[in-house]
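Student: Sharing a structure below in structure tokens format, with a few things to ask.
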Amino acid sequence: MADSSTEPPRVDSLAARLQAIDTAEFPFREALFTTFNFDPRYFESRVLGSVRATGAAVTVLCDGSVFDPDLRAMRSAGRAYHVGVAALDAAFHPKVNVLVGTDRTLVSIGSGNLTTGGWLTNEELATIIDIDRGGEVPRVIADVAGWLRSLLTVEDRLVLGQASRDAISRVADGLEPFIGGGINEDLGPRLVDTSTGAILDQLPGGPADELLLQAPFHDPDGIALDRLLARYRPRRVTIAVQPGLTFVIPPVLSRIALEHGAELRWQEASGPGAGSGVSVRYQHGKLIEAVGAGERWALTGSPNLTAAALTRSLSDGGNCEVGLVQVIPTSMFRGSGPTLESSSIPERRLEIASPPSVGGAPLPALVGVTLVDGKIRVELSRPTSVNLEVLVSDYGNDPEARRRLGTIPVGTSVLDLFDEHGTEPGSRVFIGATVDGVLKVGSPLPMLSPGDALRRQSPSSREARNTYESADDVLASQSDLDAYLRLAERVRTEQAPALPVPRSGTARAVRKPQKRDEAGHSPLFTGSLHDYLERASRRLGAAVLGGPTGNLPLPGSLVRTLVPQWADIVSEADGDPADARTAVEPEDEPDAVDDPTPVVSLEAAHSSYTAEQRRHWRRSFEQLVKAIEQPSLPEIDRGTYTVLLLLGSRFRVWDDDPPKRPELVARALSSIVENPVRDELLPRIAAVAALCVHSLRTEGLDPRVGTGLMAHEALESSRPLLTYVTEDDLTAVVNAHFGRSERPPQPDEVLDIVRQELDDNPWERYAESIQAAHPSWDVVLVEDGRIRIQASSGAQFTIAAAALSLLPRDLTVAIAVAAGRDRREHLFAQHDWQLAIQERQGARLVWKTYQLSQLVSPSGIAASTDTRVKAQIDPPIAWRTTSETARNILDAAKVAYD
């Protein structure tokens, strides 16, 4: 039975080790991650930056049969790291991660895939080996190097692209200097793998008194259990399961245990926290633990309790698996609680999908797409038996937008293609075959540019960077905000000669075009999105940059993302793992905290300020907006600063000057819509603009004067940009930084306001507001920009002035007024703070023109002869003809004049 009285484990993890690494001297040269499933969204946003910060070139190898990434989330593959796939008839299932440098190597071997679950939310088992050059080297380092080289010698069973093979060779070569100084055969665990043979044959000999077994997947026919019981002849076997989650057929395993004369017990794999009200995580760790002859040993790593994992070698059609065997002082078994009845455990059978085929023959897998000497090299797992089409979805385009690159003829496994359009690294390449007249394509691979993806950092290449870790840090105090802006500006100044500026996006509609080269770039600023975001992460701080990008996956060479650690057990009996810093450890326990520290809301954290402190905060936000308004500021910086402003707008520092808050938000919004936005970033920057619109619309401002007029102008100009807003992008931006707010903006509410802005016809609203204010008038919207008013009494100028007072002062509009017994219409046109009046004096038309201002309104001119005289643009002698001023106003208002 499992020992449930052991001391709580210390917490350690590969993620924690990566966070703790001093990257000043870039300790690693290569990083290799092997995994079955791969989640690029998680990897690129949470892991990649930390690894690249160590100086390593990064490679991920996963199983090609299950590689089906979210293409919108996979933004850096092929450009900042290499993702390769392995093709084999079984499963590529190892979870071996190796970072190697000149003086240090860091290895983890476990059960967790490179996914959110494997690194963050599941219960996993892992072993970490962290050694320095010159110290004792455990034998597992030599075992890992040998296993890596074995992957290059089984091409008949496991096929890799050339770039993946090269990465494996570089990592294995990097381990050799650590091995060359001698290894300690008695130190640490022993590696077992299916390249060598069946894993079951590499385990310690029997017999054993008891077996403790735990895995998320079991053979439906129980072959693995049958072989284990035959080898170890235990009196008792205990299997830990999560009912409804574990793939297992309990009656089959019960029958096999009975045949071997072993008592079979079922327990719930609940782990720490069971029965305490704490949510228990998915148990994904794999464990075979044997007890006998006064010794307890365990197999951990990737193998499930299946025949493909345990009883067959790679050459015999088994999976590619890696595990570790070692003696352990205390149990790692997660089973607990009373014995479960076999009938209470639901049967779950894993269904394995058949590979794509044509005419019954499986199609080859796409294992490599690499830019080589200006051509695109496409590699297949074997020569194709049918002609295959090669398609590409260009980097930065919609993943569903594909174009044809060429055809791979029958009998070909490697083909070089030339693309006259110049495909960018990171573009998604597909292969497909025509079946019954329909082209069917498989999962794509990102196109690798070795020069970009394998580019390493060195101490001499390090640029200055912004060290602020989060928006909370930036806004911790008014002095922090000021310091952040100074630091960001200094780094931006240092980067200026090579800083890329976006290609025009919304600027097409709202800004005069800049001079650009044939590729659409400003001549002063060029660069790929990868380079653009990488420099931005250094300039702004990667975690802060997550605000405007909604945690858009960054290539980040200096990203520091703090994520929850997985809990790895280091037995207290082992003491400090100084001997090669080696530990065997399951993932972190449920987040049970006896006395959790309450989270202080954003508003509460910034509520108790003196009048002087509030004034200083407003002054700092004013400086922030002045930075936003710089025409030379890249849009990613403008978006970042605007997010900081929106967070600051929730501080309780505005009561002394209420109009200042919407004024600053309106100015920021105007700057966003008036400046170019890189096409790839349009949806995220548009989401920031939408949050500004939401903020302004909830202020209840009068759109005719002052701050309300400024806000109205910004809102009107934002419409072209708002067309790019999507729910996913808006939700991503909100989730990135507004979690601490008492009243975070709700994406559905923001989207409703955006839809109103896009669907709303303001002219209908303007006409309705005039009618509501003057019920006795007959107000008609003739067309957008032209309103007709009929009134039973009153002077035409007075009526028109009253109507214009209800409209934005900067609005271009024509109002025709007929009043009283004189049914002749007088026409009043307003444009660019000028007013033209077309009226009849007897049989003659005259055109009067007046200059408007914040102090001089149409109502003031109508009411006061003195004001009317002072506001005249053209003298009365010129009224009998349309002056140039009158013509400009009337033309703008689309009014014909005689």
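Note on naming: chains are A, B, ... as they come in the structure tokens, residues start from 1 per chain, ligands start from 1 in the order shown.
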Any chance you could list, as a ChimeraX atom specification, the residues in segment 150-386 of chain A that come up strand (DSSP E) when DSSP is run on the backbone?

Tutor: /A:159-160,190-193,210-214,236-241,263-269,287-292,295-301,322-327,335-340,357-358,361-362,366-372,375-380

Student: Enumerate, as a ChimeraX atom specification, the complete set of residues in segment 637-876 of chain A that a backbone-based DSSP assignment places in helix (DSSP H, G or I).

Tutor: /A:637-648,660-674,679-697,706-717,719-722,727-737,747-759,762-773,796-804,858-863,865-871,876

Student: Please produce an output containing C-alpha atoms for each residue in the selection, written as a short mmCIF file (atom, residue, chain, number, x, y, z; two decimals), in the first residue's frame.

Tutor:
```
data_model
loop_
_atom_site.label_atom_id
_atom_site.label_comp_id
_atom_site.auth_asym_id
_atom_site.auth_seq_id
_atom_site.Cartn_x
_atom_site.Cartn_y
_atom_site.Cartn_z
CA ASP A 637 4.51 51.37 -27.79
CA ARG A 638 1.44 53.54 -28.32
CA GLY A 639 -0.79 50.57 -27.51
CA THR A 640 1.25 49.71 -24.41
CA TYR A 641 1.13 53.25 -23.08
CA THR A 642 -2.61 53.46 -23.78
CA VAL A 643 -3.23 50.28 -21.77
CA LEU A 644 -1.31 51.84 -18.89
CA LEU A 645 -3.46 54.97 -19.22
CA LEU A 646 -6.67 52.92 -19.20
CA LEU A 647 -5.50 51.15 -16.06
CA GLY A 648 -4.62 54.50 -14.53
CA LYS A 660 -8.94 65.46 -17.39
CA ARG A 661 -9.50 61.69 -17.51
CA PRO A 662 -11.70 61.60 -20.67
CA GLU A 663 -9.52 64.29 -22.23
CA LEU A 664 -6.41 62.10 -21.92
CA VAL A 665 -8.23 58.97 -23.12
CA ALA A 666 -9.61 60.91 -26.12
CA ARG A 667 -6.14 62.19 -26.99
CA ALA A 668 -4.71 58.68 -26.77
CA LEU A 669 -7.49 57.31 -28.97
CA SER A 670 -6.92 60.05 -31.55
CA SER A 671 -3.22 59.22 -31.67
CA ILE A 672 -3.92 55.52 -32.17
CA VAL A 673 -6.26 56.10 -35.12
CA GLU A 674 -4.16 58.81 -36.75
CA ASP A 679 -1.31 44.84 -40.48
CA GLU A 680 -0.49 41.84 -38.26
CA LEU A 681 -1.23 43.87 -35.13
CA LEU A 682 -4.43 45.57 -36.31
CA PRO A 683 -6.86 43.35 -34.33
CA ARG A 684 -4.98 43.81 -31.04
CA ILE A 685 -4.42 47.56 -31.42
CA ALA A 686 -8.06 47.86 -32.49
CA ALA A 687 -9.02 46.10 -29.25
CA VAL A 688 -7.13 48.75 -27.27
CA ALA A 689 -8.97 51.44 -29.25
CA ALA A 690 -12.27 49.71 -28.45
CA LEU A 691 -11.48 49.90 -24.72
CA CYS A 692 -10.87 53.64 -25.15
CA VAL A 693 -14.22 53.99 -26.92
CA HIS A 694 -15.91 52.07 -24.09
CA SER A 695 -14.28 54.35 -21.53
CA LEU A 696 -15.41 57.52 -23.32
CA ARG A 697 -18.95 56.33 -24.00
CA GLY A 706 -14.94 71.10 -24.50
CA THR A 707 -13.82 67.62 -23.56
CA GLY A 708 -17.02 66.14 -24.95
CA LEU A 709 -16.30 67.65 -28.35
CA MET A 710 -12.74 66.31 -28.26
CA ALA A 711 -14.04 62.87 -27.34
CA HIS A 712 -16.66 63.05 -30.09
CA GLU A 713 -14.01 63.83 -32.70
CA ALA A 714 -11.87 60.90 -31.50
CA LEU A 715 -14.85 58.55 -31.52
CA GLU A 716 -15.90 59.55 -35.02
CA SER A 717 -12.38 59.03 -36.39
CA ARG A 719 -14.60 53.86 -36.81
CA PRO A 720 -12.23 52.55 -39.53
CA LEU A 721 -10.04 50.97 -36.84
CA LEU A 722 -12.98 49.50 -34.91
CA GLU A 727 -14.12 39.08 -29.57
CA ASP A 728 -11.05 36.85 -29.16
CA ASP A 729 -8.59 39.71 -29.47
CA LEU A 730 -10.61 41.95 -27.17
CA THR A 731 -10.91 39.20 -24.55
CA ALA A 732 -7.17 38.53 -24.77
CA VAL A 733 -6.34 42.19 -24.13
CA VAL A 734 -8.80 42.45 -21.23
CA ASN A 735 -7.51 39.25 -19.63
CA ALA A 736 -3.91 40.39 -19.97
CA HIS A 737 -4.11 43.26 -17.49
CA PRO A 747 -15.82 42.14 -23.61
CA ASP A 748 -19.48 41.66 -24.54
CA GLU A 749 -20.34 45.16 -23.30
CA VAL A 750 -17.39 46.68 -25.15
CA LEU A 751 -18.41 44.83 -28.32
CA ASP A 752 -21.97 46.14 -27.99
CA ILE A 753 -20.64 49.69 -27.89
CA VAL A 754 -18.36 48.98 -30.86
CA ARG A 755 -21.32 47.63 -32.83
CA GLN A 756 -23.33 50.73 -31.96
CA GLU A 757 -20.49 52.92 -33.18
CA LEU A 758 -20.26 51.00 -36.46
CA ASP A 759 -23.99 50.54 -37.03
CA PRO A 762 -25.23 59.81 -36.36
CA TRP A 763 -27.34 61.91 -38.71
CA GLU A 764 -30.49 60.17 -37.58
CA ARG A 765 -29.44 60.82 -34.01
CA TYR A 766 -28.73 64.47 -34.77
CA ALA A 767 -32.14 65.01 -36.39
CA GLU A 768 -33.89 63.20 -33.52
CA SER A 769 -32.12 65.35 -30.94
CA ILE A 770 -33.26 68.55 -32.69
CA GLN A 771 -36.83 67.28 -32.93
CA ALA A 772 -36.83 66.22 -29.26
CA ALA A 773 -35.61 69.67 -28.18
CA GLN A 796 -34.89 81.54 -39.68
CA PHE A 797 -31.44 82.45 -38.31
CA THR A 798 -32.60 82.02 -34.72
CA ILE A 799 -34.11 78.61 -35.53
CA ALA A 800 -31.00 77.43 -37.40
CA ALA A 801 -28.73 78.66 -34.60
CA ALA A 802 -30.77 76.76 -32.02
CA ALA A 803 -30.49 73.61 -34.13
CA LEU A 804 -26.74 74.03 -34.67
CA PRO A 858 -24.28 80.71 -34.30
CA SER A 859 -26.67 81.56 -31.46
CA GLY A 860 -24.43 84.42 -30.38
CA ILE A 861 -24.26 85.78 -33.91
CA ALA A 862 -28.06 85.54 -34.33
CA ALA A 863 -28.73 87.26 -31.01
CA THR A 865 -25.70 92.69 -33.90
CA ASP A 866 -22.31 93.59 -32.43
CA THR A 867 -21.19 89.92 -32.45
CA ARG A 868 -22.53 89.50 -35.97
CA VAL A 869 -20.47 92.43 -37.24
CA LYS A 870 -17.29 91.26 -35.52
CA ALA A 871 -17.68 87.70 -36.79
CA PRO A 876 -21.59 93.15 -46.89
#
```

Student: For a quick check of understanding, using only C-alpha atoms, which of A:Gln162, A:Thr34, A:Ser108, A:Ser793 has the smallest distance to Ser776 of chain A?

Tutor: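 With only C-alpha atoms as the atom set, the closest residue is A:Ser793.
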
Student: Work out how far atom CA of Val66 of chain A is from atom CA of Ile239 of chain A, in Å to one decimal.

Tutor: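 Atom CA of Ile239 of chain A sits 28.0 Å away from atom CA of Val66 of chain A.
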
Student: Mind giving me the straight-line distance from atom CA of Gly64 of chain A to atom CA of Glu321 of chain A in Å, one decimal?

Tutor: 15.2 Å

Student: Quick one: everything within 10 Å of Thr115 of chain A, counting only C-alpha atoms, minus sequence neighbours fewer than 2 positions away in the same chain. Send it as a PyMOL selection string.

Tutor: chain A and resi 35-43+112-113+117-122

Student: Deliver the residues from the most recent selection as a file, using C-alpha atoms, as a PDB file, in the first residue's frame.

Tutor:
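Done, and the output landed in part.pdb:
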```
ATOM      1  CA  THR A  35       7.092  15.838 -26.528  1.00  0.00           C
ATOM      2  CA  PHE A  36       4.098  13.924 -27.820  1.00  0.00           C
ATOM      3  CA  ASN A  37       1.594  16.796 -27.888  1.00  0.00           C
ATOM      4  CA  PHE A  38       2.784  20.342 -28.417  1.00  0.00           C
ATOM      5  CA  ASP A  39       0.916  23.561 -27.629  1.00  0.00           C
ATOM      6  CA  PRO A  40       2.669  26.464 -29.382  1.00  0.00           C
ATOM      7  CA  ARG A  41       0.421  29.062 -27.724  1.00  0.00           C
ATOM      8  CA  TYR A  42       1.617  28.044 -24.271  1.00  0.00           C
ATOM      9  CA  PHE A  43       5.213  27.462 -25.336  1.00  0.00           C
ATOM     10  CA  GLY A 112       4.586  16.032 -19.029  1.00  0.00           C
ATOM     11  CA  ASN A 113       4.014  17.142 -22.611  1.00  0.00           C
ATOM     12  CA  GLY A 117      -1.421  20.741 -18.885  1.00  0.00           C
ATOM     13  CA  GLY A 118       2.026  19.170 -18.954  1.00  0.00           C
ATOM     14  CA  TRP A 119       3.839  22.200 -17.594  1.00  0.00           C
ATOM     15  CA  LEU A 120       1.195  23.913 -15.534  1.00  0.00           C
ATOM     16  CA  THR A 121      -2.055  22.215 -14.541  1.00  0.00           C
ATOM     17  CA  ASN A 122      -1.571  18.423 -14.460  1.00  0.00           C
TER      18      ASN A 122
END
```

Student: Quick one: residues within 9 Å of Leu191 of chain A, only C-alpha atoms counted, chain neighbours fewer than 4 positions away excluded, as a PyMOL selection string?

Tutor: chain A and resi 139-140+143-144+147+322-325

Student: Can you write just those residues out, N, CA and C atoms, as a PDB file, in the first residue's frame?

Tutor:
```
ATOM      1  N   ARG A 139      25.492   9.075 -14.515  1.00  0.00           N
ATOM      2  CA  ARG A 139      25.508   8.261 -15.727  1.00  0.00           C
ATOM      3  C   ARG A 139      24.377   8.619 -16.679  1.00  0.00           C
ATOM      4  N   VAL A 140      23.290   9.220 -16.152  1.00  0.00           N
ATOM      5  CA  VAL A 140      22.149   9.505 -17.003  1.00  0.00           C
ATOM      6  C   VAL A 140      22.499  10.522 -18.091  1.00  0.00           C
ATOM      7  N   ASP A 143      23.728   8.506 -20.767  1.00  0.00           N
ATOM      8  CA  ASP A 143      22.588   7.772 -21.316  1.00  0.00           C
ATOM      9  C   ASP A 143      21.767   8.650 -22.251  1.00  0.00           C
ATOM     10  N   VAL A 144      21.568   9.901 -21.858  1.00  0.00           N
ATOM     11  CA  VAL A 144      20.790  10.825 -22.694  1.00  0.00           C
ATOM     12  C   VAL A 144      21.505  11.075 -24.014  1.00  0.00           C
ATOM     13  N   TRP A 147      21.061   8.031 -26.113  1.00  0.00           N
ATOM     14  CA  TRP A 147      19.689   7.930 -26.646  1.00  0.00           C
ATOM     15  C   TRP A 147      19.478   8.891 -27.808  1.00  0.00           C
ATOM     16  N   VAL A 322      10.998   7.048 -23.215  1.00  0.00           N
ATOM     17  CA  VAL A 322      12.176   7.184 -22.345  1.00  0.00           C
ATOM     18  C   VAL A 322      11.698   7.197 -20.902  1.00  0.00           C
ATOM     19  N   GLY A 323      12.362   6.410 -20.058  1.00  0.00           N
ATOM     20  CA  GLY A 323      12.051   6.402 -18.642  1.00  0.00           C
ATOM     21  C   GLY A 323      13.316   6.356 -17.805  1.00  0.00           C
ATOM     22  N   LEU A 324      13.130   6.492 -16.508  1.00  0.00           N
ATOM     23  CA  LEU A 324      14.244   6.437 -15.567  1.00  0.00           C
ATOM     24  C   LEU A 324      13.904   5.437 -14.468  1.00  0.00           C
ATOM     25  N   VAL A 325      14.893   4.649 -14.096  1.00  0.00           N
ATOM     26  CA  VAL A 325      14.731   3.671 -13.029  1.00  0.00           C
ATOM     27  C   VAL A 325      15.688   4.026 -11.910  1.00  0.00           C
TER      28      VAL A 325
END
```

Student: Rank nothing, just name the residue among A:Asp480, A:Glu389, A:Glu25, A:Glu884 nearest to Arg402 of chain A, using only C-alpha atoms.

Tutor: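 Distance minimum relative to Arg402 of chain A lands on A:Glu389.
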